[in-house]
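Visitor: Sharing a structure with you now.
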Amino acid sequence: MKRLIILGLAIFSLTAVKAQTKWNIDNVHSTVNFTVAHLVISEVEGNFKTFTGTIDSPKANFDGSKIEFTVDVKSINTENEMRDTHLKSDDFFNSEKYPQMVFKGVSFKKVSGNKYKLTGNLTIRDVTRSVTFDVTYGGTANDGYGNTKAGFKASGVINRLDYGLKWNKLTETGGSVVGTDITISLRLEFAQAK
């Protein structure tokens, strides 16, 4: 009887491992964007060109997935070279000392329909804080090349001062030149690993 239980547990473990599906980011069909207020009256947009990401999913609907994401800070792009250089400096990211932003998911839970909440630890510079993203799951499809793809939209807001991105100047009316809240907007497509 004991052997039968051990055999059953071994089969269950193998099945659980097999059920785990790995997905890798498709960079060509994904974007990592951000928006920040400028002079209180408008916004500046930017993005990061280089990033990696994975999903380890125990279920077909992705509920309970483990999600990790890494962004190359030096790939920041706001369509202005002088501003990008400033953002890479120690006033903001200090990309020489801290070349990556890293997100490690702690919880990915279905809320209703195709809506999810993703909570995890985001590290910028040498600061790690918990953040939550609202996620919309777009579904899965085959791309015509034998690849299965899954699409997601995610958005969230962080306070840049919490991560040591402290540079600031005030306008003549007392408002901040650069806002403190950063809106992060992700459009992500993942390919199922073969």
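By order in the structure tokens, chains are A, B, ...; within a chain, residues start at 1; ligands start at 1, following the order shown.
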I'd like the contact shell of A:Met101 - 8 Å cut-off, only C-alpha atoms, skipping same-chain residues fewer than 6 positions apart - returned as number ranges by chain.

Guide: A: 70-73, 122-125

Visitor: Stretch 61-123 of chain A near stretch 130-141 of chain A within 10 Å: what's each residue's closest atom pair and its distance in Å to one decimal, counting only C-alpha atoms, ordered by chain then ascending residue number, as CSV?

Guide:
residue,atom,partner,partner_atom,distance
A:Asn61,CA,A:Gly139,CA,8.7
A:Phe62,CA,A:Tyr137,CA,8.9
A:Phe103,CA,A:Val131,CA,9.1
A:Lys104,CA,A:Ser130,CA,9.5
A:Gly105,CA,A:Val131,CA,9.3
A:Val106,CA,A:Ser130,CA,9.1
A:Ser107,CA,A:Thr132,CA,9.3
A:Phe108,CA,A:Val135,CA,9.1
A:Lys109,CA,A:Val135,CA,9.6
A:Lys110,CA,A:Val135,CA,9.1
A:Val111,CA,A:Val135,CA,9.6
A:Gly113,CA,A:Tyr137,CA,8.9
A:Asn114,CA,A:Tyr137,CA,5.2
A:Lys115,CA,A:Thr136,CA,4.8
A:Tyr116,CA,A:Val135,CA,5.0
A:Lys117,CA,A:Asp134,CA,5.1
A:Leu118,CA,A:Phe133,CA,5.1
A:Thr119,CA,A:Thr132,CA,4.3
A:Gly120,CA,A:Ser130,CA,5.5
A:Asn121,CA,A:Ser130,CA,4.5
A:Leu122,CA,A:Ser130,CA,6.2
A:Thr123,CA,A:Ser130,CA,8.9

Visitor: Taking the DSSP assignment computed from this structure's backbone, write out as a PyMOL selection string all residues of stretch 57-178 of chain A that belong to helix (DSSP H, G or I).

Guide: chain A and resi 73-75+81-88+160-163

Visitor: If you run DSSP on the backbone, which residues of stretch 18-183 of chain A are strand (DSSP E), as an NGL selection string?

Guide: :A and (21-25 or 31-38 or 42-48 or 51-57 or 66-72 or 76-77 or 100-112 or 115-124 or 127-142 or 148-159 or 178-183)

Visitor: Excluding A:Glu96 and its own-chain neighbours fewer than 4 positions away, which residues fall within 10 Å of it when counting only C-alpha atoms? Please give them as a list in words.

Guide: Val73, Lys74, Lys88, Ser89, Asp90 and Gln100 of chain A

Visitor: Closest to A:Tyr163 among A:Asn33, A:Gln20, A:Thr180, A:Thr78, using only C-alpha atoms?

Guide: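 Looking at the shortest contact to A:Tyr163, the residue is A:Thr180.
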